[in-house]
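Worksheet: the structure to be examined is printed underneath.
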Amino acid sequence: MTFHSASTAPPSSSPPSAATTNGAAHPPPHAFATRAIHVGSEPHLSAANGVSPAIDLSTTYLQNGVGNTKGYEYTRSSNPTRLALERVLASLEGADVLLSANLQQEGVDEATAWEGGPAALAFASGSAATATVVSALAGNGGHIVSVGDVYGGTSRFMLKVAGPLSGVQTTFVDMSYYGVEKDGEGIESETDEKRREREDQAIVDRVERAIRPETKIIWAETPTNPMLSLVPIRLLASVAARHSIPLVIDNTFSSPAFAQPLLLGASVVVASSTKYLGGHSDVLGGMIATPIPSLLSKFRFLQNAHGAVPSPWDSWLLIRSLKTLTLRTRQHSLNGLAVARWLFEVGVPQRLVRDVRYPGLHRGAHESRAQKRERELAWEHLSPHARKWVEQQGYRVDSPGGFPSGGMVSFHIRSGVDDREKLQDPEATGVAERFLEGLGLFVLAESLGGVESLAELPMKMTHGGVDPSHRASLGIDAELIRLSVGIEDIDDLLRDLETSLHHAVSGGSGKASQDGVEAGQ
Ligand SMILES: *Cc1c(COP(=O)(O)O)cnc(C)c1O
């Protein structure tokens with residue numbers, strides 16, 4: 001085997017393609033699970049041929065003569081460990097292949113003329129990645145059309161930082177089929193196809209009504225948090241393209257293991273790596289991926305200028321985490337589906353819970369129109385490798401009970417309070433809190449995406465800072481529980497939920513309501 005010293009490590013301007021690892025000119029592209037393990041970790045890039053990339057802690061690098069570098073000058077601008085992370089992230093989001101195609105179309109020779117680095121950038125947190133995208137695209141006085149139930153930190157940045165500091169304005173829009181359903185019933189004589197068109201058009205109209213001449217970003221998150229409703233990415237991409245506005249998707253909840261929005265027409269993906277990408281609740285990080293050269297250059301400029309980059313240690317932890325992303329997220333999604341089904345099939349009839357939210361859940365005869373459209377959308381959004389695996393497990397879009405679509409599940413516990421308005425009272429969380437405190441295995445904590453199961457009360461925890469009237473309009477109340485289902489043994493998880501639900505709902509003063517809100521929904 002030839003020894004490749006670290007000196008053959010490429011400068012950021014010419015990331016090697018994973019496909020050339022074995023010397024073949026154009027071997028077929030490797031599958032997602034393979035790329036997650038090998039891209040960025042090619043042994044010949046390490047001084048000792050290590051199969052795990054080195055953690056390069058140097059803050060500065062020798063110059064063999066002024067300006068004569070091996071591609072690295074100062075760690076904030078470029079670091080080998082971070083570069084390895086950026087390469088694997090670009091590969092997993094599908095951004096690297098799309099970038100090559102875009103460069104080719106522009107007549108730029110990637111190997112010699114492209115100095116923009118990999119098609120993904122790593123940040124110190126998801127919030128830093130969000131701030132970078134908003135600052136780069138909305139600039140001074142721009143306008144953002146954002147999905148309504150966007151991550152709290154994202155709306156905080158839009159409204160309380162970009163707003164006052166740069167005159168950026170944001171309009172929040174419900175982009176979901178639930179929103180359309182609330183608007184009115186179907187027309188009796190309508191064919192299914194016509195009805196679909198009308199529902200899609202209703203979402204398009206909502207977004208287009210919000211677009212202004214100065215709109216610079218359409219921002220969506222899917223599934224949303226904490227209600228786990230979906231936003232039709234393809235449909236939004238067509239609106240965005242028609243108006244020449246970049247569509248930005250926060251892909252934190254799906255991760256590229258389950259959804260690759262760039263393949264569905266989004267311009268930019270942002271994510272918090274703190275969640276599924278990291279997967280062990282032990283590293284903070286963020287990322288941006290885009291195949292559009294001009295945007296990539298802007299983001300990279302700001303990455304260096306803001307300086308919110310991850311340390312080499314954190315970059316390495318994430319590289320290590322990504323190697324098991326495929327396995328982890330498969331188990332998360334199998335457990336997530338099992339929990340959602342148990343809640344719907346056992347918890348709802350026993351009047352312990354109502355309104356179970358899980359994108360792939362099939363509620364059979366109880367399914368509403370919006371729920372059906374969401375389920376179909378969850379299937380459409382599965383990235384090609386995820387859909388292949390889901391099908392290999394025997395699931396189809398119409399499988400009874402549903403199909404695996406991630407590890408997040410939300411539901412309302414039945415507290416016995418029948419008045420929806422009273423459920424906005426922070427004093428009304430007694431039963432929900434008894435449930436959360438009675439759990440033995442699920443950890444009562446914020447965040448998500450780690451191997452361990454977590455449970456939380458959005459009203460007082462993750463969404464405690466959201467304006468109460470906005471919170472109410474999103475459906476967040478004293479009964480809403482959000483679960484991040486981990487990869488423990490499913491029987492242990494179900495037993496934990498069952499025991500604590502019975503304890504909370506039938507114990508104490510909060511007797512389960514026998515009427516009030518409709519069973520199932
Ligand atoms: C956590 C999260 C963020 C912010 O990421 P940090 O790493 O916590 O800064 C952004 N978007 C979503 C959807 C998140 O869940």
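Following the order of the structure tokens, first chain is A, next is B, and so on, with residues numbered from 1 inside each chain and ligands from 1 in the order they appear.
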Residues within 8 Å of ligand 1, counting only C-alpha atoms and all ligand atoms: report them as a ChimeraX atom specification. /A:124-130,150-154,221,224-225,250-253,270-275,284-286,447-448
Where does DSSP see strand (DSSP E or B) in stretch 351-473 of chain A, if you list the residues as a PyMOL selection string? chain A and resi 353-357+361+402+408-413+443-444+454-456
Restrict the selected residues to N, CA and C atoms and save them as a tab-separated table (two decimals), in the first residue's frame.
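To be explicit, this is the file written out as out-v5.tsv:
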```
chain	number	residue	atom	x	y	z
A	353	VAL	N	-55.17	9.05	26.17
A	353	VAL	CA	-54.60	10.10	25.32
A	353	VAL	C	-55.55	10.41	24.16
A	354	ARG	N	-55.27	11.51	23.47
A	354	ARG	CA	-55.97	11.85	22.23
A	354	ARG	C	-54.98	12.50	21.28
A	355	ASP	N	-55.38	12.61	20.03
A	355	ASP	CA	-54.62	13.36	19.03
A	355	ASP	C	-53.14	12.93	18.94
A	356	VAL	N	-52.93	11.68	18.57
A	356	VAL	CA	-51.56	11.16	18.43
A	356	VAL	C	-50.97	11.67	17.12
A	357	ARG	N	-49.80	12.24	17.19
A	357	ARG	CA	-49.17	12.80	15.98
A	357	ARG	C	-47.93	12.01	15.61
A	361	LEU	N	-48.22	7.54	10.66
A	361	LEU	CA	-49.28	6.77	11.32
A	361	LEU	C	-50.52	6.67	10.42
A	402	GLY	N	-49.54	2.04	9.62
A	402	GLY	CA	-48.59	3.06	9.16
A	402	GLY	C	-47.22	2.51	8.82
A	408	MET	N	-39.91	10.89	16.33
A	408	MET	CA	-40.63	11.87	17.14
A	408	MET	C	-42.13	11.57	17.16
A	409	VAL	N	-42.72	11.62	18.33
A	409	VAL	CA	-44.16	11.37	18.50
A	409	VAL	C	-44.71	12.42	19.46
A	410	SER	N	-45.86	13.00	19.12
A	410	SER	CA	-46.52	13.91	20.05
A	410	SER	C	-47.94	13.41	20.32
A	411	PHE	N	-48.48	13.75	21.47
A	411	PHE	CA	-49.87	13.40	21.77
A	411	PHE	C	-50.37	14.28	22.91
A	412	HIS	N	-51.68	14.26	23.09
A	412	HIS	CA	-52.27	14.96	24.22
A	412	HIS	C	-52.68	13.92	25.26
A	413	ILE	N	-52.27	14.14	26.47
A	413	ILE	CA	-52.71	13.27	27.56
A	413	ILE	C	-54.08	13.80	28.00
A	443	VAL	N	-36.46	9.97	29.81
A	443	VAL	CA	-35.87	11.04	30.62
A	443	VAL	C	-36.65	12.32	30.38
A	444	LEU	N	-37.04	12.98	31.46
A	444	LEU	CA	-37.74	14.27	31.35
A	444	LEU	C	-36.71	15.33	30.99
A	454	LEU	N	-36.55	10.55	25.39
A	454	LEU	CA	-36.83	11.75	26.17
A	454	LEU	C	-38.31	12.09	26.07
A	455	ALA	N	-38.81	12.74	27.11
A	455	ALA	CA	-40.19	13.22	27.10
A	455	ALA	C	-40.21	14.63	27.66
A	456	GLU	N	-41.11	15.45	27.12
A	456	GLU	CA	-41.17	16.83	27.61
A	456	GLU	C	-42.55	17.44	27.45
```
Identify which of the residues A:Tyr178, A:Tyr61, A:Leu85, A:Ser41 lies closest to A:Gln371, counting only C-alpha atoms when measuring atom-to-atom distances. A:Tyr178
Need to verify the contact set: A:Val207, 9 Å, only C-alpha atoms, exclusion of same-chain residues closer than 2 positions in sequence. Can you return it as a PyMOL selection string? chain A and resi 145-146+173-175+202-205+209-211+218+236+239
12 Å contact set for A:Leu334, only C-alpha atoms, chain neighbours under 3 positions out, as a PyMOL selection string: chain A and resi 327-331+337-341+358+360-361+389-390+393+395+402-409+485-490
Looking at only C-alpha atoms, which of A:Ser267, A:Ser333, A:Ser78, A:Ser368 is the one that sits closest to A:Trp219? A:Ser267
